[in-house]
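Colleague: Before I ask anything, let me first share the structure, which is written out below as structure tokens.
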Amino acid sequence: MSQHEQIASLKRLPILAGLSDAAVERVARSCLWRRHGAGEQIVGYQEPSTDVYFLLAGKARAIMYSAEGKAVIFVDLQPGTIFGEIAAIDRKPRSASIEALDPCTIASLSASRFEDLLLREPSVALAALRHVTADVRRLSERVFEFSTLAVQNRIHAELLRLAGEAAQGRDTVLLSPAPSLSEIADRISTHREAVSREISRLTAMGLLRREGGKLTITDLEKLAGLVHEARGE
């Protein structure tokens, strides 16, 4: 990637949107640039590294594995996302692994350079704070769901969350490629069979339609109603 392409890719990052061209160029010169193939680990759980990463292209996943090998999926990361900022801020080992779902293009900053950037550029510091607080809200919501909702309601909530990521404001949402049953199970701490049963039930109710590798939510409003009712909202 040429320097011009590097600068252009960084300018598309929401966290750097308030920077001048000269400031973005300084960030580009400070970054390490790399590519990761699909399935590669980008960051390992409990690693002592403290760099911050900018995901410029491709998709990645924050994930952990139990001692028995069970996966716990936290979130899928889209292009334009930063990750690794927790270790950069507190200088402690990584709180999760990050794995590439697609071929990924990554730029990284050392913790010290990231800290300097936050101190020098208030717009970046504010964007980083908003990013971290959004993660806190998301994780708080999921802890609440794990603690209070039955498995079938957690499945509804996860489908609604995936619909929100795919398209906002539509009553019919296509998930393509659809998440596998095992993947949904790993997101909500249950097993594949429970997901399969509930997906079949929602399909019979007319809320879902499955075709090959696609999953269509046919009545987003009704699905949202099930989630709100379960939460007591």
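Residue numbering restarts at 1 for every chain of the structure tokens, chains are lettered A, B, ... in their displayed order, and ligands are numbered from 1 as they appear.
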Write out as a compact mmCIF listing (two decimals) with N, CA and C atoms, in the first residue's frame the residues lying within 12 Å of A:Gly225, counting only C-alpha atoms and excluding same-chain residues fewer than 3 positions away.

Modeller:
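Once everything was written out, this is around_24.txt:
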```txt
# COMPACT_ATOMS: atom_id res chain seq x y z
N ASN A 153 -35.37 -16.25 24.48
CA ASN A 153 -35.39 -14.78 24.43
C ASN A 153 -34.02 -14.22 24.08
N HIS A 156 -33.76 -14.42 20.38
CA HIS A 156 -34.51 -13.32 19.76
C HIS A 156 -33.68 -12.03 19.81
N ALA A 157 -33.08 -11.75 20.97
CA ALA A 157 -32.31 -10.53 21.15
C ALA A 157 -31.09 -10.51 20.23
N LEU A 160 -32.20 -9.84 16.70
CA LEU A 160 -32.52 -8.41 16.57
C LEU A 160 -31.25 -7.58 16.47
N LEU A 207 -41.85 -15.55 11.24
CA LEU A 207 -40.93 -14.45 11.54
C LEU A 207 -39.60 -14.58 10.80
N ASP A 219 -40.42 -10.17 9.84
CA ASP A 219 -41.25 -9.23 10.62
C ASP A 219 -40.40 -8.70 11.77
N LEU A 220 -39.61 -7.69 11.47
CA LEU A 220 -38.68 -7.12 12.45
C LEU A 220 -39.43 -6.52 13.63
N GLU A 221 -40.57 -5.89 13.35
CA GLU A 221 -41.34 -5.25 14.42
C GLU A 221 -41.84 -6.29 15.43
N LYS A 222 -42.32 -7.41 14.94
CA LYS A 222 -42.81 -8.46 15.84
C LYS A 222 -41.67 -9.07 16.64
N HIS A 228 -38.68 -6.85 23.60
CA HIS A 228 -39.08 -5.82 24.56
C HIS A 228 -39.99 -6.41 25.66
N GLU A 229 -40.86 -7.33 25.27
CA GLU A 229 -41.73 -7.96 26.25
C GLU A 229 -40.93 -8.78 27.25
N ALA A 230 -39.93 -9.54 26.76
CA ALA A 230 -39.11 -10.36 27.64
C ALA A 230 -38.29 -9.51 28.60
N ARG A 231 -37.86 -8.33 28.13
CA ARG A 231 -37.08 -7.42 28.97
C ARG A 231 -37.94 -6.60 29.92
N GLY A 232 -39.26 -6.66 29.73
CA GLY A 232 -40.15 -5.87 30.57
C GLY A 232 -40.15 -4.40 30.20
N GLU A 233 -39.88 -4.09 28.92
CA GLU A 233 -39.82 -2.70 28.47
C GLU A 233 -41.18 -2.21 27.98
```

Colleague: As a PyMOL selection string, list the residues of stretch 28-214 of chain A assigned to strand (DSSP E) by DSSP on the backbone atoms of this structure.

Modeller: chain A and resi 32-36+41-43+52-57+60-65+71-77+82-83+97-100+104-109+173-175+208-211+214

Colleague: So, with only C-alpha atoms as the atoms that count, which of A:Val143, A:Ala100, A:Ala125, A:Leu215 lies closest to A:Gln78?

Modeller: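 Comparing A:Val143, A:Ala100, A:Ala125, A:Leu215 against A:Gln78, the winner is A:Ala100.
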
Colleague: Leaving out A:Leu109 and any residue of its chain fewer than 6 positions from it, which residues lie within 8 Å of it when counting only C-alpha atoms, given as a PyMOL selection string?

Modeller: chain A and resi 30-32+51-53

Colleague: Would you write out those residues with all heavy atoms, as a compact mmCIF listing (two decimals), in the first residue's frame?

Modeller:
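Output saved as again27.txt:
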```txt
# COMPACT_ATOMS: atom_id res chain seq x y z
N SER A 30 3.53 6.89 11.67
CA SER A 30 3.80 6.23 12.95
C SER A 30 3.27 4.81 13.00
O SER A 30 3.63 4.05 13.91
CB SER A 30 3.17 7.04 14.10
OG SER A 30 3.71 8.33 14.18
N CYS A 31 2.41 4.44 12.06
CA CYS A 31 1.75 3.14 12.09
C CYS A 31 2.64 2.04 11.50
O CYS A 31 3.47 2.29 10.62
CB CYS A 31 0.45 3.17 11.30
SG CYS A 31 -0.92 3.98 12.13
N LEU A 32 2.40 0.84 12.00
CA LEU A 32 2.89 -0.37 11.33
C LEU A 32 1.73 -0.93 10.52
O LEU A 32 0.59 -0.95 10.99
CB LEU A 32 3.35 -1.41 12.35
CG LEU A 32 4.58 -1.05 13.18
CD1 LEU A 32 4.86 -2.15 14.21
CD2 LEU A 32 5.80 -0.84 12.30
N ASP A 51 -0.31 -2.59 21.59
CA ASP A 51 -0.61 -1.74 20.43
C ASP A 51 -2.12 -1.55 20.26
O ASP A 51 -2.92 -2.41 20.65
CB ASP A 51 -0.05 -2.35 19.14
CG ASP A 51 1.46 -2.26 19.06
OD1 ASP A 51 2.08 -1.72 20.00
OD2 ASP A 51 2.02 -2.73 18.06
N VAL A 52 -2.48 -0.44 19.63
CA VAL A 52 -3.85 -0.19 19.19
C VAL A 52 -3.92 -0.49 17.70
O VAL A 52 -2.99 -0.17 16.96
CB VAL A 52 -4.26 1.27 19.44
CG1 VAL A 52 -5.58 1.59 18.77
CG2 VAL A 52 -4.37 1.54 20.92
N TYR A 53 -5.02 -1.09 17.27
CA TYR A 53 -5.17 -1.50 15.87
C TYR A 53 -6.33 -0.77 15.21
O TYR A 53 -7.39 -0.59 15.81
CB TYR A 53 -5.41 -3.01 15.79
CG TYR A 53 -4.26 -3.83 16.31
CD1 TYR A 53 -4.16 -4.13 17.66
CD2 TYR A 53 -3.28 -4.31 15.44
CE1 TYR A 53 -3.10 -4.88 18.15
CE2 TYR A 53 -2.22 -5.06 15.92
CZ TYR A 53 -2.13 -5.33 17.27
OH TYR A 53 -1.08 -6.07 17.75
```

Colleague: Which residues, written as a VMD selection string, have at least one atom at most 8 Å from A:Leu174, with only C-alpha atoms counted and residues fewer than 6 positions away on the same chain left out?

Modeller: chain A and resid 163 166 214 to 217
